[in-house]
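model.tsv (TSV, C-alpha atoms and all ligand atoms)
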chain	number	residue	atom	x	y	z
W	28	MET	CA	76.11	-44.39	-13.85
W	29	THR	CA	77.70	-41.61	-11.80
W	30	CYS	CA	75.85	-40.35	-8.77
W	31	GLU	CA	76.46	-36.62	-8.69
W	32	ALA	CA	74.06	-34.49	-6.69
W	33	ALA	CA	71.43	-32.31	-8.35
W	34	VAL	CA	68.52	-30.31	-7.00
W	35	LEU	CA	65.17	-29.16	-8.35
W	36	VAL	CA	64.12	-25.86	-6.77
W	37	LEU	CA	60.57	-24.51	-7.11
W	38	GLU	CA	59.71	-20.85	-6.76
W	39	ASP	CA	57.88	-21.49	-3.48
W	40	GLY	CA	61.26	-22.55	-2.05
W	41	THR	CA	60.64	-26.31	-2.10
W	42	ARG	CA	63.79	-28.30	-2.87
W	43	TYR	CA	63.99	-31.87	-4.19
W	44	LEU	CA	67.40	-33.50	-3.96
W	45	GLY	CA	68.35	-36.10	-6.56
W	46	GLN	CA	71.07	-37.13	-8.97
W	47	ALA	CA	72.42	-35.34	-12.02
W	48	TYR	CA	70.97	-36.78	-15.22
W	49	GLY	CA	71.91	-35.73	-18.76
W	50	ALA	CA	73.97	-32.55	-19.00
W	51	ARG	CA	75.27	-30.72	-15.93
W	52	GLY	CA	74.54	-27.09	-15.21
W	53	GLN	CA	71.59	-24.86	-14.48
W	54	ARG	CA	68.29	-24.77	-16.37
W	55	LEU	CA	65.29	-22.61	-15.53
W	56	GLY	CA	61.71	-22.64	-16.71
W	57	GLU	CA	58.09	-23.29	-15.89
W	58	VAL	CA	57.85	-26.69	-14.17
W	59	VAL	CA	55.00	-28.82	-15.54
W	60	PHE	CA	54.10	-32.49	-15.27
W	61	ALA	CA	53.29	-34.90	-18.10
W	62	THR	CA	51.40	-38.12	-17.45
W	63	GLY	CA	52.18	-40.17	-20.58
W	64	MET	CA	53.29	-43.71	-19.77
W	65	THR	CA	54.99	-43.94	-23.17
W	66	GLY	CA	56.40	-41.53	-25.72
W	67	TYR	CA	59.11	-39.69	-23.81
W	68	GLN	CA	61.01	-39.10	-27.05
W	69	GLU	CA	57.95	-37.48	-28.64
W	70	THR	CA	57.49	-35.39	-25.50
W	71	ILE	CA	60.98	-33.96	-25.23
W	72	THR	CA	61.18	-33.16	-28.98
W	73	ASP	CA	57.80	-31.34	-28.99
W	74	PRO	CA	58.64	-27.66	-29.67
W	75	SER	CA	55.64	-26.62	-27.54
W	76	TYR	CA	57.75	-27.38	-24.45
W	77	VAL	CA	60.16	-24.47	-24.96
W	78	GLY	CA	60.63	-22.66	-21.65
W	79	GLN	CA	59.38	-25.61	-19.62
W	80	ILE	CA	60.98	-28.15	-17.30
W	81	VAL	CA	59.02	-31.37	-17.73
W	82	VAL	CA	58.37	-33.77	-14.86
W	83	MET	CA	57.46	-37.28	-16.06
W	84	THR	CA	54.93	-38.95	-13.76
W	85	ALA	CA	55.68	-42.40	-15.23
W	86	PRO	CA	58.26	-43.69	-12.77
W	87	HIS	CA	60.66	-45.46	-15.11
W	88	ILE	CA	62.00	-43.44	-18.04
W	89	GLY	CA	64.57	-44.28	-20.70
W	90	ASN	CA	64.09	-48.04	-20.87
W	91	THR	CA	63.52	-48.09	-24.64
W	92	GLY	CA	66.43	-45.72	-25.26
W	93	VAL	CA	66.27	-43.35	-28.22
W	94	ASN	CA	65.90	-43.95	-31.94
W	95	ASP	CA	65.90	-41.83	-35.10
W	96	GLU	CA	62.24	-42.45	-35.98
W	97	ASP	CA	60.28	-41.07	-33.03
W	98	PRO	CA	61.49	-37.46	-32.63
W	99	GLU	CA	58.84	-34.85	-33.45
W	100	SER	CA	61.45	-32.32	-34.56
W	101	SER	CA	65.19	-31.95	-35.10
W	102	ARG	CA	66.13	-31.54	-31.44
W	103	ILE	CA	65.09	-31.76	-27.80
W	104	TRP	CA	63.23	-28.62	-26.73
W	105	VAL	CA	62.43	-29.06	-23.04
W	106	SER	CA	64.43	-26.72	-20.81
W	107	GLY	CA	64.98	-29.46	-18.26
W	108	PHE	CA	63.86	-33.03	-17.60
W	109	VAL	CA	62.82	-34.59	-14.29
W	110	VAL	CA	62.46	-38.34	-13.79
W	111	ARG	CA	62.14	-40.64	-10.85
W	112	ASP	CA	63.99	-43.73	-12.00
W	113	ALA	CA	66.26	-43.31	-15.01
W	114	SER	CA	66.66	-46.66	-16.72
W	115	ARG	CA	70.20	-48.00	-16.58
W	116	VAL	CA	69.48	-50.44	-19.37
W	117	VAL	CA	68.39	-49.70	-22.93
W	118	SER	CA	66.25	-52.44	-24.36
W	119	ASN	CA	64.47	-52.01	-27.66
W	120	TYR	CA	65.15	-53.30	-31.16
W	121	ARG	CA	64.92	-49.78	-32.60
W	122	ALA	CA	67.19	-48.11	-30.03
W	123	ASN	CA	70.47	-46.64	-31.21
W	124	GLY	CA	71.45	-44.81	-28.04
W	125	SER	CA	70.51	-44.00	-24.49
W	126	LEU	CA	68.33	-41.12	-23.37
W	127	ASP	CA	70.94	-40.08	-20.80
W	128	ASP	CA	73.61	-39.72	-23.51
W	129	GLN	CA	71.28	-37.85	-25.83
W	130	LEU	CA	70.31	-35.39	-23.09
W	131	THR	CA	74.02	-34.81	-22.47
W	132	GLU	CA	74.83	-34.40	-26.18
W	133	GLN	CA	72.07	-31.82	-26.56
W	134	SER	CA	72.98	-29.97	-23.33
W	135	ILE	CA	69.68	-30.77	-21.64
W	136	VAL	CA	70.05	-30.69	-17.86
W	137	GLY	CA	68.02	-33.33	-16.05
W	138	ILE	CA	67.56	-34.74	-12.59
W	139	SER	CA	66.66	-38.26	-11.51
W	140	GLY	CA	65.95	-39.98	-8.24
W	141	VAL	CA	63.39	-37.43	-7.07
W	142	ASP	CA	59.87	-38.16	-5.82
W	143	THR	CA	57.94	-37.19	-8.94
W	144	ARG	CA	54.64	-38.00	-7.23
W	145	ALA	CA	55.32	-35.42	-4.50
W	146	ILE	CA	56.38	-32.84	-7.13
W	147	THR	CA	53.26	-33.51	-9.21
W	148	ARG	CA	50.95	-33.18	-6.21
W	149	ARG	CA	52.55	-29.88	-5.29
W	150	LEU	CA	52.14	-28.56	-8.86
W	151	ARG	CA	48.58	-29.84	-8.98
W	152	ASP	CA	47.68	-28.14	-5.70
W	153	SER	CA	49.61	-24.89	-6.18
W	154	GLY	CA	49.59	-24.65	-9.98
W	155	SER	CA	52.54	-24.69	-12.38
W	156	MET	CA	55.51	-22.85	-10.91
W	157	ARG	CA	58.82	-21.57	-12.12
W	158	GLY	CA	61.74	-23.70	-11.11
W	159	GLY	CA	65.31	-24.67	-11.80
W	160	ILE	CA	67.47	-27.77	-11.96
W	161	PHE	CA	70.99	-27.25	-10.60
W	162	SER	CA	73.80	-29.78	-11.02
W	163	GLY	CA	77.57	-29.81	-11.49
W	164	THR	CA	79.09	-26.65	-10.02
W	165	ASP	CA	75.65	-25.00	-10.00
W	166	ALA	CA	74.54	-27.53	-7.37
W	167	GLU	CA	77.00	-25.79	-5.05
W	168	LEU	CA	75.35	-22.37	-5.29
W	169	SER	CA	73.67	-21.25	-2.06
W	170	HIS	CA	69.95	-21.90	-1.60
W	171	GLU	CA	69.35	-18.15	-1.86
W	172	GLU	CA	71.28	-17.86	-5.14
W	173	GLN	CA	69.35	-20.75	-6.63
W	174	LEU	CA	65.99	-19.37	-5.51
W	175	THR	CA	66.84	-15.91	-6.84
W	176	ALA	CA	67.67	-17.42	-10.25
W	177	VAL	CA	64.30	-19.22	-10.23
W	178	LYS	CA	62.39	-16.08	-9.27
W	179	ASP	CA	64.17	-14.08	-12.00
W	180	THR	CA	62.91	-16.52	-14.67
W	181	ALA	CA	60.28	-15.13	-17.05
W	182	GLN	CA	56.68	-16.15	-16.30
W	183	MET	CA	54.98	-18.17	-19.07
W	184	THR	CA	52.05	-15.72	-18.99
W	185	GLY	CA	52.66	-13.07	-21.63
W	186	ARG	CA	55.57	-14.90	-23.27
W	187	SER	CA	55.89	-15.04	-27.04
W	188	LEU	CA	58.17	-17.92	-28.07
W	189	SER	CA	57.24	-18.62	-31.70
W	190	SER	CA	60.43	-17.03	-33.05
W	191	LYS	CA	62.52	-19.60	-31.16
W	192	VAL	CA	60.96	-22.59	-32.90
W	193	SER	CA	59.66	-21.52	-36.32
W	194	THR	CA	61.43	-22.40	-39.55
W	195	ALA	CA	63.63	-19.63	-40.97
W	196	GLU	CA	62.84	-20.58	-44.57
W	197	THR	CA	59.77	-22.00	-46.28
W	198	TYR	CA	60.01	-25.71	-47.11
W	199	VAL	CA	57.68	-28.13	-48.83
W	200	VAL	CA	56.54	-31.64	-47.90
W	201	ASP	CA	55.15	-33.31	-51.01
W	202	ALA	CA	51.65	-34.72	-51.06
W	203	ILE	CA	51.46	-38.48	-50.76
W	204	GLY	CA	49.39	-39.76	-53.68
W	205	GLU	CA	47.35	-37.36	-55.76
W	206	SER	CA	47.66	-33.72	-54.64
W	207	ILE	CA	44.51	-31.84	-53.60
W	208	GLY	CA	46.37	-28.52	-53.60
W	209	ARG	CA	48.79	-26.43	-51.60
W	210	LEU	CA	48.37	-26.03	-47.88
W	211	ALA	CA	49.88	-23.01	-46.10
W	212	VAL	CA	51.14	-24.18	-42.71
W	213	LEU	CA	52.10	-21.45	-40.26
W	214	ASP	CA	55.00	-22.98	-38.35
W	215	LEU	CA	54.60	-22.00	-34.71
W	216	GLY	CA	56.49	-25.12	-33.61
W	217	VAL	CA	55.03	-27.78	-35.89
W	218	LYS	CA	55.57	-31.49	-35.24
W	219	THR	CA	56.77	-33.95	-37.88
W	220	SER	CA	53.75	-36.24	-37.46
W	221	THR	CA	51.36	-33.39	-38.23
W	222	LEU	CA	53.10	-32.67	-41.53
W	223	ASN	CA	53.06	-36.37	-42.42
W	224	TYR	CA	49.34	-36.71	-41.70
W	225	LEU	CA	48.57	-33.63	-43.79
W	226	ALA	CA	50.71	-34.91	-46.69
W	227	GLU	CA	48.96	-38.29	-46.43
W	228	ARG	CA	45.63	-36.51	-46.90
W	229	GLY	CA	46.89	-35.20	-50.26
W	230	PHE	CA	48.06	-31.74	-49.27
W	231	GLU	CA	51.22	-30.31	-50.80
W	232	VAL	CA	52.39	-28.91	-47.49
W	233	HIS	CA	54.16	-25.53	-47.55
W	234	VAL	CA	55.64	-24.82	-44.13
W	235	LEU	CA	55.97	-21.06	-43.68
W	236	PRO	CA	57.95	-18.99	-41.15
W	237	GLN	CA	55.84	-17.45	-38.40
W	238	THR	CA	56.69	-13.95	-39.70
W	239	VAL	CA	54.97	-14.54	-43.07
W	240	SER	CA	52.63	-11.79	-44.29
W	241	PHE	CA	49.16	-12.43	-45.69
W	242	ASP	CA	50.33	-11.46	-49.20
W	243	GLU	CA	53.27	-13.86	-49.00
W	244	MET	CA	50.90	-16.59	-47.85
W	245	LEU	CA	48.51	-15.91	-50.74
W	246	ALA	CA	51.44	-15.96	-53.17
W	247	ILE	CA	51.70	-19.75	-52.79
W	248	GLU	CA	48.01	-19.98	-53.87
W	249	PRO	CA	46.89	-22.14	-50.96
W	250	VAL	CA	43.64	-24.10	-50.99
W	251	ALA	CA	43.63	-23.90	-47.18
W	252	VAL	CA	45.57	-22.72	-44.14
W	253	PHE	CA	46.78	-24.62	-41.07
W	254	TYR	CA	48.16	-23.25	-37.77
W	255	SER	CA	50.34	-25.61	-35.74
W	256	ASN	CA	50.93	-26.25	-32.06
W	257	GLY	CA	53.58	-24.16	-30.35
W	258	PRO	CA	55.04	-22.73	-27.16
W	259	GLY	CA	54.08	-19.55	-25.34
W	260	ASP	CA	51.01	-17.60	-24.31
W	261	PRO	CA	48.41	-17.19	-27.10
W	262	SER	CA	47.55	-13.73	-25.76
W	263	ALA	CA	51.06	-12.61	-26.81
W	264	SER	CA	50.56	-13.59	-30.47
W	265	ASP	CA	48.68	-10.59	-31.89
W	266	ALA	CA	50.34	-10.73	-35.33
W	267	HIS	CA	49.32	-14.38	-35.85
W	268	VAL	CA	45.76	-13.51	-34.84
W	269	ALA	CA	45.70	-10.59	-37.28
W	270	LEU	CA	46.94	-12.91	-40.06
W	271	LEU	CA	44.25	-15.46	-39.23
W	272	THR	CA	41.60	-12.74	-39.29
W	273	GLU	CA	42.61	-12.07	-42.92
W	274	VAL	CA	42.42	-15.80	-43.69
W	275	LEU	CA	38.89	-16.01	-42.27
W	276	LYS	CA	37.77	-12.88	-44.11
W	277	LYS	CA	39.05	-14.38	-47.35
W	278	GLY	CA	37.01	-17.55	-46.67
W	279	LEU	CA	40.00	-19.91	-46.91
W	280	PRO	CA	39.38	-23.22	-45.07
W	281	PHE	CA	41.30	-23.35	-41.78
W	282	PHE	CA	42.36	-26.02	-39.32
W	283	GLY	CA	44.37	-25.38	-36.16
W	284	ILE	CA	45.90	-27.64	-33.54
W	285	CYS	CA	46.59	-26.62	-29.93
W	286	PHE	CA	48.24	-23.17	-30.20
W	287	GLY	CA	46.37	-22.99	-33.51
W	288	ASN	CA	43.09	-23.61	-31.64
W	289	GLN	CA	43.86	-20.86	-29.17
W	290	LEU	CA	44.64	-18.45	-32.01
W	291	LEU	CA	41.41	-19.38	-33.84
W	292	GLY	CA	39.60	-18.67	-30.56
W	293	ARG	CA	41.20	-15.24	-30.42
W	294	ALA	CA	40.54	-14.48	-34.11
W	295	LEU	CA	36.87	-15.34	-33.55
W	296	GLY	CA	36.89	-12.83	-30.70
W	297	TYR	CA	37.15	-14.99	-27.56
W	298	GLY	CA	39.74	-14.65	-24.82
W	299	THR	CA	42.27	-17.17	-23.55
W	300	TYR	CA	43.39	-17.87	-19.99
W	301	LYS	CA	46.00	-19.87	-18.14
W	302	LEU	CA	44.98	-23.21	-16.65
W	303	PRO	CA	46.21	-23.87	-13.10
W	304	PHE	CA	48.48	-26.81	-14.03
W	305	GLY	CA	47.50	-27.59	-17.62
W	306	HIS	CA	46.84	-30.84	-19.45
W	307	ARG	CA	49.88	-32.88	-20.47
W	308	GLY	CA	49.63	-36.56	-21.20
W	309	ILE	CA	48.03	-39.08	-23.49
W	310	ASN	CA	44.98	-40.13	-21.50
W	311	GLN	CA	42.65	-37.13	-21.57
W	312	PRO	CA	38.95	-37.88	-22.25
W	313	VAL	CA	37.36	-35.48	-24.73
W	314	ILE	CA	33.80	-35.59	-26.06
W	315	ASP	CA	32.87	-34.57	-29.60
W	316	VAL	CA	29.56	-32.78	-28.92
W	317	ASN	CA	28.14	-33.67	-32.35
W	318	THR	CA	28.85	-37.38	-32.49
W	319	LEU	CA	28.80	-37.79	-28.67
W	320	ARG	CA	31.81	-40.03	-29.06
W	321	THR	CA	34.45	-39.83	-26.39
W	322	GLU	CA	38.05	-39.88	-27.55
W	323	ILE	CA	41.07	-40.61	-25.41
W	324	THR	CA	43.50	-37.94	-26.50
W	325	SER	CA	47.01	-36.57	-26.22
W	326	HIS	CA	47.39	-33.10	-24.67
W	327	ASN	CA	50.05	-30.53	-24.03
W	328	HIS	CA	48.54	-27.21	-23.11
W	329	GLY	CA	48.76	-24.72	-20.30
W	330	PHE	CA	46.30	-22.20	-21.74
W	331	ALA	CA	42.73	-22.58	-22.97
W	332	VAL	CA	40.03	-20.70	-24.90
W	333	ASP	CA	37.29	-18.94	-22.96
W	334	ALA	CA	34.21	-19.66	-25.09
W	335	PRO	CA	30.72	-20.73	-23.95
W	336	VAL	CA	30.39	-24.53	-23.63
W	337	GLY	CA	27.04	-26.16	-24.48
W	338	GLU	CA	25.61	-23.39	-26.62
W	339	ILE	CA	26.15	-21.85	-30.02
W	340	SER	CA	27.45	-18.32	-29.58
W	341	GLN	CA	28.02	-15.43	-31.96
W	342	SER	CA	31.65	-14.76	-32.76
W	343	PRO	CA	32.47	-11.49	-30.95
W	344	ALA	CA	34.69	-10.67	-33.95
W	345	GLY	CA	31.78	-10.91	-36.40
W	346	PHE	CA	32.43	-14.31	-38.03
W	347	GLY	CA	28.94	-15.66	-37.34
W	348	ARG	CA	27.98	-18.66	-35.24
W	349	VAL	CA	30.56	-20.66	-33.31
W	350	GLU	CA	30.24	-23.98	-31.55
W	351	VAL	CA	32.51	-25.43	-28.88
W	352	SER	CA	32.85	-28.76	-30.69
W	353	HIS	CA	34.95	-30.69	-28.15
W	354	VAL	CA	34.97	-30.57	-24.35
W	355	ASN	CA	37.28	-32.16	-21.78
W	356	LEU	CA	35.32	-34.55	-19.59
W	357	ASN	CA	37.68	-34.08	-16.63
W	358	ASP	CA	37.26	-30.34	-16.23
W	359	ASN	CA	34.91	-29.03	-18.95
W	360	VAL	CA	37.71	-27.09	-20.66
W	361	VAL	CA	37.13	-26.08	-24.31
W	362	GLU	CA	38.97	-28.63	-26.49
W	363	GLY	CA	37.71	-27.67	-29.93
W	364	LEU	CA	36.00	-24.92	-31.90
W	365	ARG	CA	33.92	-25.00	-35.06
W	366	ALA	CA	32.77	-21.92	-36.92
W	367	LEU	CA	29.40	-22.56	-38.57
W	368	ASP	CA	29.45	-19.64	-41.01
W	369	VAL	CA	33.09	-19.70	-42.13
W	370	PRO	CA	35.06	-22.88	-43.03
W	371	ALA	CA	37.22	-23.04	-39.90
W	372	PHE	CA	37.72	-25.47	-37.03
W	373	SER	CA	40.38	-26.43	-34.54
W	374	VAL	CA	41.20	-28.68	-31.61
W	375	GLN	CA	43.16	-28.01	-28.45
W	376	TYR	CA	44.59	-31.52	-28.34
W	377	HIS	CA	46.76	-33.62	-30.66
W	378	PRO	CA	45.15	-35.76	-33.38
W	379	GLU	CA	48.70	-36.35	-34.69
W	380	ALA	CA	49.84	-37.92	-31.38
W	381	ALA	CA	52.57	-40.27	-32.52
W	382	SER	CA	52.86	-42.42	-29.44
W	383	GLY	CA	49.09	-42.57	-29.53
W	384	PRO	CA	46.24	-42.67	-28.87
W	385	HIS	CA	45.00	-42.38	-32.43
W	386	ASP	CA	41.30	-41.87	-31.66
W	387	ALA	CA	41.32	-38.31	-33.01
W	388	ASN	CA	43.00	-39.05	-36.33
W	389	TYR	CA	39.68	-38.58	-38.12
W	390	LEU	CA	40.13	-34.80	-37.75
W	391	PHE	CA	42.65	-34.80	-40.62
W	392	ASP	CA	39.98	-36.45	-42.80
W	393	ARG	CA	37.49	-33.84	-41.63
W	394	PHE	CA	39.89	-31.12	-42.77
W	395	ARG	CA	40.44	-32.74	-46.16
W	396	ASP	CA	36.64	-33.06	-46.59
W	397	LEU	CA	36.12	-29.43	-45.63
W	398	VAL	CA	38.69	-28.32	-48.20
W	399	LEU	CA	37.20	-30.49	-50.97
W	400	GLU	CA	33.65	-29.28	-50.20
W	401	ASN	CA	34.79	-25.70	-50.18
W	402	ALA	CA	36.49	-26.14	-53.56
W	403	LYS	CA	33.24	-27.61	-54.98
W	404	ASP	CA	31.11	-24.75	-53.58
W	405	SER	CA	33.36	-22.07	-55.00
W	406	LYS	CA	33.26	-23.54	-58.54
A	501	LIG	N1	50.99	-27.66	-27.59
A	501	LIG	C1	50.64	-26.41	-27.77
A	501	LIG	O1	50.42	-25.94	-28.87
A	501	LIG	C2	50.61	-25.54	-26.52
A	501	LIG	C3	49.93	-24.20	-26.72
A	501	LIG	C4	50.27	-23.20	-25.63
A	501	LIG	N2	51.67	-22.89	-25.63
A	501	LIG	C5	49.82	-23.75	-24.28
A	501	LIG	O2	50.63	-24.05	-23.44
A	501	LIG	O3	48.66	-23.86	-24.02
Spell out the structure here as structure tokens.
Amino acid sequence: MTCEAAVLVLEDGTRYLGQAYGARGQRLGEVVFATGMTGYQETITDPSYVGQIVVMTAPHIGNTGVNDEDPESSRIWVSGFVVRDASRVVSNYRANGSLDDQLTEQSIVGISGVDTRAITRRLRDSGSMRGGIFSGTDAELSHEEQLTAVKDTAQMTGRSLSSKVSTAETYVVDAIGESIGRLAVLDLGVKTSTLNYLAERGFEVHVLPQTVSFDEMLAIEPVAVFYSNGPGDPSASDAHVALLTEVLKKGLPFFGICFGNQLLGRALGYGTYKLPFGHRGINQPVIDVNTLRTEITSHNHGFAVDAPVGEISQSPAGFGRVEVSHVNLNDNVVEGLRALDVPAFSVQYHPEAASGPHDANYLFDRFRDLVLENAKDSK
């Protein structure tokens, strides 16, 4: 492994010197940390990470290499990748390459050999910051030039990124087993596991571009609608909120994950806000307020819904009663919403989490049940 210099620069001027990892060059974005001990392939291929440089808190990354089964989409989406100790050895029966080589092939600039604990503590104390990784000839730029590039990077607040990740054309994933009808999935950056879980529940899954109109959506005659996870600030997604408002008015059953939860929150009339450093990892405790069961869950969100926890409130947009169905036990952040007078619910976290945990998988069954009940009622 070559030992070329690289540097991670944060917008407050802090510099972390390390070694070039993956591709060489300059990559800018919002620097965030992820605490998963496993699942780095799922992390880097999650489209929700567009515009973000991800710092892995697990100290040893790359040891199981890469394979063709674990990616959550067709490519790596992180803007940059920061690890402490990049594994020099690939050891796994499924591996068909090294992470280092794949980062290089896909032009993802990384840095290794930095103190990821120190970086994480700084981000935790000061909040997520913009930053840049500089290697190759870009490592030779002056400190001022590097810092200026970082400060010129767009803030995540107010950013709309759905067009960067959504499918250009509609495609269909066939139902596994007997079909219970067509599901309209708004692709805001959907993950492969989500589509598989929905197909396993009997949906004929129609994945639609994020620009789809309500009429085009209705043209597929969906029995229900699903909004996926995705990058960007939910407050910058007015068109998706307007579309969802039509869905709710029509009484179509709805389920949303992560970005989809934030957009349901907005369609119901609540606001969203930016968390100081977000939740990213696979060990977040969430309580289901109805069953009082605590789930250990996978998260990747920097924004959250501002709805009243611990009480049933009236949807400010006129959709009746709304319950905050799931709450994060670390910080009381809203992790799920359930409308009581229209057939809609959502979660802020990831029931599809492929590297686990699988505690929240039941939510796909809940969606299937909601759709079947709704079909019965409307007969
Ligand atoms: N995974 C997601 O869907 C993330 C949603 C949103 N971009 C956030 O950061 O909160």
Surrounding residues of Leu271 in chain W excluding itself and chain neighbours under 6 positions, 8 Å, only C-alpha atoms, as a PyMOL selection string: chain W and resi 290-291+294
When you count all atoms listed in the file, which of these residues is closest to Phe230 in chain W: W:Val369, W:Val398, W:Leu37, W:Val217? W:Val398
Looking at W:Gln129, W:Ser114, W:Asn288, W:Gln237, which one is nearest to ligand LIG 501 (chain A), with distances taken over only C-alpha atoms and all ligand atoms? W:Asn288
Let me have the centre and edge lengths of the axis-aligned box enclosing all listed atoms of ligand LIG 501 (chain A) with 6 Å padding on every side, in Å to one decimal, as JSON.
{"center_x": 50.2, "center_y": -25.3, "center_z": -26.2, "size_x": 15.0, "size_y": 16.8, "size_z": 17.4}
Please identify all protein, DNA and RNA residues within 7 Å of ligand LIG 501 (chain A), counting only C-alpha atoms and all ligand atoms, and report them as a PyMOL selection string. chain W and resi 75+255-261+284-287+327-331
Find the nearest atom pair between each residue of range 91-135 of chain W and range 84-87 of chain W for residues within 12 Å, count all atoms listed in the file, give distances in Å to one decimal, sort rows by chain and ascending number, and present the table as a tab-separated table.
residue	atom	partner	partner_atom	distance
W:Thr91	CA	W:His87	CA	10.3
W:Gly92	CA	W:His87	CA	11.7
W:Phe108	CA	W:Thr84	CA	11.4
W:Val109	CA	W:Thr84	CA	9.0
W:Val110	CA	W:Pro86	CA	6.9
W:Arg111	CA	W:Pro86	CA	5.3
W:Asp112	CA	W:His87	CA	4.9
W:Ala113	CA	W:His87	CA	6.0
W:Ser114	CA	W:His87	CA	6.3
W:Arg115	CA	W:His87	CA	10.0
W:Val116	CA	W:His87	CA	11.0
W:Val117	CA	W:His87	CA	11.8
